[in-house]
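Participant: CSV, C-alpha atoms, saved as target.csv, coming up:
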```csv
chain,number,residue,atom,x,y,z
A,116,MET,CA,0.0,0.0,0.0
A,117,THR,CA,1.4,3.4,-1.0
A,118,ALA,CA,1.9,5.8,1.9
A,119,PRO,CA,-0.5,8.8,1.7
A,120,PHE,CA,2.5,11.2,1.9
A,121,THR,CA,5.9,11.7,0.3
A,122,VAL,CA,9.0,13.1,1.9
A,123,ASP,CA,12.0,15.1,0.6
A,124,LEU,CA,14.9,15.1,3.1
A,125,ASP,CA,17.0,18.3,3.4
A,126,PRO,CA,20.6,17.3,2.9
A,127,THR,CA,22.1,20.5,4.1
A,128,PRO,CA,25.4,19.5,5.8
A,129,GLY,CA,26.6,20.5,9.3
A,130,ARG,CA,23.2,20.5,11.0
A,131,ARG,CA,22.9,19.0,14.5
A,132,GLN,CA,20.3,16.2,14.9
A,133,GLY,CA,17.8,18.6,16.4
A,134,GLU,CA,18.1,21.0,13.4
A,135,GLU,CA,17.5,18.5,10.6
A,136,ARG,CA,14.4,19.0,8.6
A,137,PHE,CA,12.4,17.6,5.6
A,138,VAL,CA,9.6,18.7,3.3
A,139,LEU,CA,6.4,16.7,3.8
A,140,HIS,CA,3.9,16.4,1.0
A,141,HIS,CA,0.7,15.2,2.7
A,142,GLY,CA,-2.6,15.3,0.9
A,143,ASP,CA,-2.9,18.7,-0.7
A,144,GLN,CA,-0.5,20.3,1.8
A,145,THR,CA,3.3,20.8,1.6
A,146,ARG,CA,5.2,22.0,4.6
A,147,GLU,CA,8.7,21.9,6.1
A,148,VAL,CA,9.0,19.8,9.3
A,149,VAL,CA,11.8,19.8,11.8
A,150,LEU,CA,12.7,16.1,12.5
A,151,HIS,CA,12.6,16.6,16.3
A,152,ASP,CA,9.1,18.3,16.1
A,153,TYR,CA,7.7,15.0,17.3
A,154,ALA,CA,4.2,16.3,17.9
A,155,THR,CA,4.0,17.0,14.1
A,156,VAL,CA,5.9,13.8,13.1
A,157,TYR,CA,3.7,11.5,15.2
A,158,SER,CA,0.5,13.1,13.9
A,159,VAL,CA,1.0,11.4,10.5
A,160,PRO,CA,0.7,7.6,10.7
A,161,GLY,CA,3.9,6.0,9.3
A,162,LEU,CA,5.8,9.2,9.0
A,163,TYR,CA,8.3,8.5,11.8
A,164,GLU,CA,9.0,5.0,10.5
A,165,GLU,CA,9.5,6.3,6.9
A,166,VAL,CA,11.9,9.0,7.8
A,167,VAL,CA,13.8,7.7,10.8
A,168,GLN,CA,13.7,3.9,10.4
A,169,HIS,CA,13.6,3.5,6.7
A,170,ARG,CA,15.3,6.6,5.1
A,171,LEU,CA,17.8,7.3,7.8
A,172,GLN,CA,18.3,3.6,8.8
A,173,CYS,CA,18.0,4.1,12.5
A,174,ALA,CA,19.4,1.0,14.4
A,175,SER,CA,18.8,2.2,18.0
A,176,PRO,CA,15.5,0.3,18.6
A,177,ALA,CA,16.8,-3.1,17.6
A,178,THR,CA,20.2,-2.4,19.2
A,179,VAL,CA,18.8,-1.5,22.6
A,180,ALA,CA,16.4,-4.4,22.5
A,181,ASP,CA,19.2,-6.9,21.8
A,182,ALA,CA,21.3,-5.3,24.6
A,183,LEU,CA,18.5,-5.7,27.1
A,184,VAL,CA,18.1,-9.4,26.3
A,185,GLU,CA,21.8,-9.9,26.5
A,186,ALA,CA,22.0,-8.2,29.9
A,187,GLY,CA,19.1,-10.3,31.2
A,188,SER,CA,20.9,-13.4,30.0
A,189,SER,CA,24.0,-12.4,31.9
A,190,ILE,CA,22.1,-12.8,35.2
A,191,GLY,CA,20.0,-15.7,34.1
A,192,VAL,CA,16.8,-13.8,33.3
A,193,PRO,CA,15.3,-15.0,30.0
A,194,PRO,CA,13.4,-12.5,27.7
A,195,ALA,CA,10.0,-14.0,28.7
A,196,ASP,CA,10.7,-13.0,32.3
A,197,LEU,CA,11.6,-9.4,31.5
A,198,ARG,CA,8.9,-6.8,32.1
A,199,ALA,CA,9.9,-3.5,30.6
A,200,PHE,CA,9.5,0.2,31.2
A,201,ASP,CA,10.1,2.0,27.9
A,202,LEU,CA,11.3,5.5,28.5
A,203,GLY,CA,11.0,7.9,25.6
A,204,ALA,CA,8.7,5.4,24.0
A,205,GLY,CA,7.4,7.6,21.2
A,206,ASN,CA,4.9,5.7,19.0
A,207,GLY,CA,6.2,2.3,20.2
A,208,VAL,CA,9.0,1.4,17.8
A,209,VAL,CA,11.3,0.3,20.6
A,210,GLY,CA,8.4,-1.5,22.4
A,211,GLN,CA,7.7,-3.4,19.2
A,212,GLU,CA,11.3,-4.5,19.0
A,213,LEU,CA,11.2,-5.7,22.6
A,214,ALA,CA,8.0,-7.6,22.1
A,215,ALA,CA,9.5,-9.3,19.1
A,216,ARG,CA,12.2,-10.7,21.3
A,217,GLY,CA,9.7,-12.1,23.9
A,218,VAL,CA,10.0,-9.2,26.4
A,219,THR,CA,6.7,-8.1,28.0
A,220,VAL,CA,6.3,-4.4,27.4
A,221,VAL,CA,4.2,-3.0,30.3
A,222,VAL,CA,4.8,0.8,30.6
A,223,GLY,CA,5.7,3.5,28.0
A,224,ALA,CA,6.5,7.1,28.9
A,225,ASP,CA,7.2,10.2,26.8
A,226,GLY,CA,7.1,13.9,27.3
A,227,ILE,CA,4.2,14.7,24.9
A,228,ASP,CA,0.6,13.6,24.6
A,229,GLU,CA,1.0,13.1,20.8
A,230,ALA,CA,3.5,10.3,21.5
A,231,ARG,CA,1.0,8.4,23.7
A,232,ASP,CA,-1.8,8.9,21.2
A,233,ALA,CA,0.4,7.7,18.3
A,234,ALA,CA,1.5,4.6,20.3
A,235,HIS,CA,-2.1,3.7,21.0
A,236,ARG,CA,-3.1,4.4,17.4
A,237,ASP,CA,-0.2,2.5,15.7
A,238,ARG,CA,0.4,-0.3,18.2
A,239,PRO,CA,-2.8,-0.8,20.2
A,240,GLY,CA,-2.5,-2.9,23.2
A,241,LEU,CA,1.3,-2.8,23.3
A,242,TYR,CA,1.5,-0.7,26.5
A,243,ALA,CA,-0.7,-1.4,29.5
A,244,HIS,CA,0.2,2.0,30.9
A,245,TYR,CA,1.6,5.1,29.1
A,246,LEU,CA,2.8,8.0,31.2
A,247,VAL,CA,3.2,11.5,29.9
A,248,GLY,CA,5.4,14.2,31.4
A,249,GLU,CA,8.7,15.9,31.1
A,250,ARG,CA,9.7,14.5,34.5
A,251,LEU,CA,7.8,11.6,35.9
A,252,GLU,CA,6.5,11.5,39.4
A,253,GLY,CA,8.7,9.3,41.5
A,254,GLU,CA,6.0,7.7,43.7
A,255,GLN,CA,3.9,6.9,40.6
A,256,VAL,CA,6.8,5.1,39.0
A,257,ALA,CA,7.7,3.2,42.1
A,258,ARG,CA,4.1,2.0,42.5
A,259,LEU,CA,4.1,0.8,38.9
A,260,VAL,CA,7.4,-1.0,39.3
A,261,ARG,CA,6.1,-2.7,42.4
A,262,GLU,CA,2.6,-3.6,41.2
A,263,GLU,CA,3.6,-4.6,37.7
A,264,ARG,CA,6.7,-6.4,38.8
A,265,LEU,CA,8.9,-4.4,36.4
A,266,ASN,CA,12.5,-5.5,36.1
A,267,ALA,CA,13.7,-3.8,32.9
A,268,LEU,CA,14.3,-0.1,32.0
A,269,VAL,CA,14.9,0.8,28.4
A,270,ALA,CA,15.7,4.2,26.8
A,271,ALA,CA,16.7,4.5,23.1
A,272,GLY,CA,18.1,7.9,22.5
A,273,ALA,CA,15.9,9.3,25.2
A,274,VAL,CA,18.5,10.4,27.8
A,275,GLY,CA,20.9,13.3,27.6
A,276,GLU,CA,21.0,16.7,26.0
A,277,GLY,CA,17.5,18.0,25.2
A,278,HIS,CA,15.9,14.8,26.5
A,279,VAL,CA,15.4,13.1,29.9
A,280,PRO,CA,18.0,14.5,32.4
A,281,VAL,CA,20.5,12.0,33.8
A,282,ASP,CA,19.3,12.7,37.4
A,283,ALA,CA,15.7,11.8,36.4
A,284,LEU,CA,17.0,8.6,34.9
A,285,ALA,CA,18.8,7.9,38.2
A,286,GLU,CA,15.5,8.4,40.1
A,287,LEU,CA,13.7,6.0,37.8
A,288,TRP,CA,16.5,3.3,38.1
A,289,SER,CA,16.5,3.6,41.9
A,290,ALA,CA,12.9,2.3,41.9
A,291,PHE,CA,13.8,-1.0,40.3
A,292,PRO,CA,14.5,-4.0,42.4
A,293,ALA,CA,17.5,-6.4,42.5
A,294,ASP,CA,17.9,-8.6,39.4
A,295,SER,CA,16.7,-5.8,37.1
A,296,VAL,CA,18.4,-4.7,33.9
A,297,ILE,CA,18.8,-1.4,32.1
A,298,ALA,CA,19.7,-0.7,28.5
A,299,LEU,CA,20.2,2.6,26.8
A,300,THR,CA,21.5,4.1,23.6
A,301,LEU,CA,23.3,7.4,24.0
A,302,LYS,CA,24.7,10.0,21.6
A,303,ASP,CA,28.5,9.6,21.2
A,304,GLY,CA,29.8,12.8,19.6
A,305,GLY,CA,33.2,12.3,21.1
A,306,PRO,CA,35.1,14.5,23.6
A,307,GLU,CA,36.0,17.1,21.0
A,308,THR,CA,32.3,18.0,20.5
A,309,GLY,CA,31.6,18.7,24.1
A,310,ASP,CA,28.9,16.0,24.2
A,311,HIS,CA,28.6,14.5,27.7
A,312,ASP,CA,25.8,12.0,27.4
A,313,VAL,CA,27.9,8.9,27.6
A,314,PRO,CA,30.2,9.9,30.5
A,315,ASP,CA,27.3,11.4,32.4
A,316,VAL,CA,25.2,8.2,32.3
A,317,GLU,CA,28.3,6.0,33.0
A,318,GLY,CA,29.0,8.2,36.1
A,319,MET,CA,25.3,7.9,37.2
A,320,LEU,CA,25.4,4.1,36.9
A,321,ALA,CA,28.7,4.0,38.8
A,322,GLY,CA,27.0,5.8,41.6
A,323,PHE,CA,24.8,2.8,42.3
A,324,GLU,CA,26.8,0.3,44.4
A,325,ASP,CA,24.4,-2.5,43.4
A,326,THR,CA,24.7,-1.8,39.6
A,327,SER,CA,27.3,-3.2,37.2
A,328,VAL,CA,27.7,-2.4,33.5
A,329,VAL,CA,27.8,-5.6,31.5
A,330,LEU,CA,27.8,-4.3,27.9
A,331,ARG,CA,29.2,-1.2,26.2
A,332,ARG,CA,29.4,-0.9,22.4
A,333,ARG,CA,29.7,1.8,19.9
A,334,PHE,CA,27.4,1.4,16.9
A,335,ARG,CA,26.1,3.3,13.9
A,336,HIS,CA,22.9,4.9,15.2
A,337,ARG,CA,21.7,6.2,11.8
A,338,LEU,CA,22.5,8.4,8.9
A,339,SER,CA,22.2,12.1,9.0
A,340,MET,CA,20.1,13.7,6.3
A,341,ALA,CA,23.4,14.8,4.7
A,342,GLY,CA,24.5,11.2,4.6
A,343,THR,CA,27.0,11.3,7.5
A,344,GLU,CA,27.1,8.2,9.8
A,345,LEU,CA,26.1,9.1,13.3
A,346,TYR,CA,27.4,6.9,16.1
A,347,TYR,CA,25.9,6.2,19.5
A,348,VAL,CA,27.0,4.0,22.4
A,349,VAL,CA,24.7,1.2,23.7
A,350,LEU,CA,25.1,0.6,27.5
A,351,ALA,CA,23.5,-2.2,29.5
A,352,ALA,CA,23.8,-2.8,33.2
A,353,VAL,CA,22.4,-5.1,35.9
A,354,LYS,CA,21.3,-4.5,39.5
A,355,ARG,CA,22.1,-7.2,42.0
```
Written as structure tokens, how would this file's structure read?
Facilitator:
Amino acid sequence: MTAPFTVDLDPTPGRRQGEERFVLHHGDQTREVVLHDYATVYSVPGLYEEVVQHRLQCASPATVADALVEAGSSIGVPPADLRAFDLGAGNGVVGQELAARGVTVVVGADGIDEARDAAHRDRPGLYAHYLVGERLEGEQVARLVREERLNALVAAGAVGEGHVPVDALAELWSAFPADSVIALTLKDGGPETGDHDVPDVEGMLAGFEDTSVVLRRRFRHRLSMAGTELYYVVLAAVKR
């Protein structure tokens, strides 16, 4: 089935990820859309997948799902016993990858209502709960972790500059019990760029005496619209 829209990527070089844009032809309308204007992107069914997953070849959802399963295996927890909290869930692309590996996806969370609405529209029934907020309420998360027996926290590109603050991630992780796993993909611009996402999260994890990093790999996250390869780091850790 042909998508009811077409997209022209803007290949202007030198733009940061948050500045990339494309021209959307949708119905009888043509407009320029900033890639990180997620409210607009999620409003068009299939648009996020076409631009980010297909055209820009984003590997983070599959990579973070594989890392979570690998981390669980390292402490003897099979995928079927993992019950996940998907942070920065968007319209459910990561949750779908987790479910495909046998993980039970229980909770999604994102900063905007449009992400929740798109997840329920595009992948109905994937999330039993979907929280919306720039910073989640700690007691609510702790209750969900306890009542839903959550033992896995996942965030694909959702932590760091312009996204979920590292201290908020620490608060979430502190609510998870022993024998839990966490897997994240983080922007890796390298020290010369001033990006601190990877060292900041590594420092946060090191601050938990009961948490050990079991996996750290650099991988190609996606292409930029100019065709440059963008690299991230996938981290996974376990709580004992």
Participant: Taking (14.1, -10.5, 23.5) in the coordinates of the supplied file, I want to know which residues reach to within 10 Å of it, counting only C-alpha atoms; could you give the answer as a PyMOL selection string?
Facilitator: chain A and resi 177+180-185+187-188+193-197+212-219
Participant: Counting only C-alpha atoms, which of A:Leu139, A:Ala224, A:Val269, A:Ile190 gets nearest to Arg355 (chain A)?
Facilitator: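 Of A:Leu139, A:Ala224, A:Val269, A:Ile190, the one nearest Arg355 (chain A) is A:Ile190, counting only C-alpha atoms.
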Participant: Rounded to one decimal in Å, what is the spacing between CA of Leu202 (chain A) and CA of Ala271 (chain A)?
Facilitator: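 Here the two named atoms are 7.7 Å from each other.
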Participant: Tell me, as a ChimeraX atom specification, which residues lie within 9 Å of Val122 (chain A), counting only C-alpha atoms; anything in the same chain fewer than 6 positions away does not count.
Facilitator: /A:137-141,162,165-166
Participant: Could you tell me how far CA of Leu124 (chain A) sits from CA of Gly142 (chain A), in Å to one decimal place?
Facilitator: 17.6 Å
Participant: So that I can check the surroundings of Leu150 (chain A), please list as an mmCIF file with C-alpha atoms, keeping the file's coordinate frame every protein, DNA and RNA residue that reaches within 8 Å of it, counting all atoms listed in the file and ignoring chain neighbours fewer than 6 positions away.
Facilitator:
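Dumped everything to selection.cif:
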```cif
data_model
loop_
_atom_site.group_PDB
_atom_site.id
_atom_site.type_symbol
_atom_site.label_atom_id
_atom_site.label_comp_id
_atom_site.auth_asym_id
_atom_site.auth_seq_id
_atom_site.Cartn_x
_atom_site.Cartn_y
_atom_site.Cartn_z
ATOM 1 C CA GLN A 132 20.300 16.200 14.900
ATOM 2 C CA GLY A 133 17.800 18.600 16.400
ATOM 3 C CA GLU A 134 18.100 21.000 13.400
ATOM 4 C CA GLU A 135 17.500 18.500 10.600
ATOM 5 C CA ARG A 136 14.400 19.000 8.600
ATOM 6 C CA PHE A 137 12.400 17.600 5.600
ATOM 7 C CA VAL A 156 5.900 13.800 13.100
#
```
Participant: Go through A:Asp201, A:Asp125, A:Glu317, A:Asp282 one by one, measure the shortest atom-to-atom distance of each to Arg231 (chain A) using all atoms listed in the file, and give the residue with the smallest value.
Facilitator: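 Residue with the minimum atom-to-atom distance to Arg231 (chain A): A:Asp201.
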Participant: A:Ala204, A:Val296, A:Ala273, A:Ala233: which is nearest Thr326 (chain A), counting all atoms listed in the file?
Facilitator: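 Of all the options, A:Val296 lies closest to Thr326 (chain A).
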Participant: Skipping near chain neighbours, those fewer than 5 positions away, what residues fall within 10 Å of Glu229 (chain A) using only C-alpha atoms, listed as JSON, numbers by chain?
Facilitator: {"A": [153, 154, 155, 156, 157, 158, 205, 206, 234, 235, 247]}
Participant: In the coordinates of the file, take the point (23.8, 4.9, 12.8) and a cut-off of 6 Å; then, counting all atoms listed in the file, name each qualifying protein, DNA or RNA residue as a ChimeraX atom specification.
Facilitator: /A:173,335-338,344-346
Participant: Create the file for the chosen residues now, containing C-alpha atoms and written as a PDB file, in the coordinates of the input.
Facilitator:
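Output (again_26.pdb):
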```
ATOM      1  CA  CYS A 173      18.000   4.100  12.500  1.00  0.00           C
ATOM      2  CA  ARG A 335      26.100   3.300  13.900  1.00  0.00           C
ATOM      3  CA  HIS A 336      22.900   4.900  15.200  1.00  0.00           C
ATOM      4  CA  ARG A 337      21.700   6.200  11.800  1.00  0.00           C
ATOM      5  CA  LEU A 338      22.500   8.400   8.900  1.00  0.00           C
ATOM      6  CA  GLU A 344      27.100   8.200   9.800  1.00  0.00           C
ATOM      7  CA  LEU A 345      26.100   9.100  13.300  1.00  0.00           C
ATOM      8  CA  TYR A 346      27.400   6.900  16.100  1.00  0.00           C
TER       9      TYR A 346
END
```
Participant: How many Å separate CA of Ala257 (chain A) from CA of Ser289 (chain A)?
Facilitator: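 Between CA of Ala257 (chain A) and CA of Ser289 (chain A) the gap works out to 8.8 Å.
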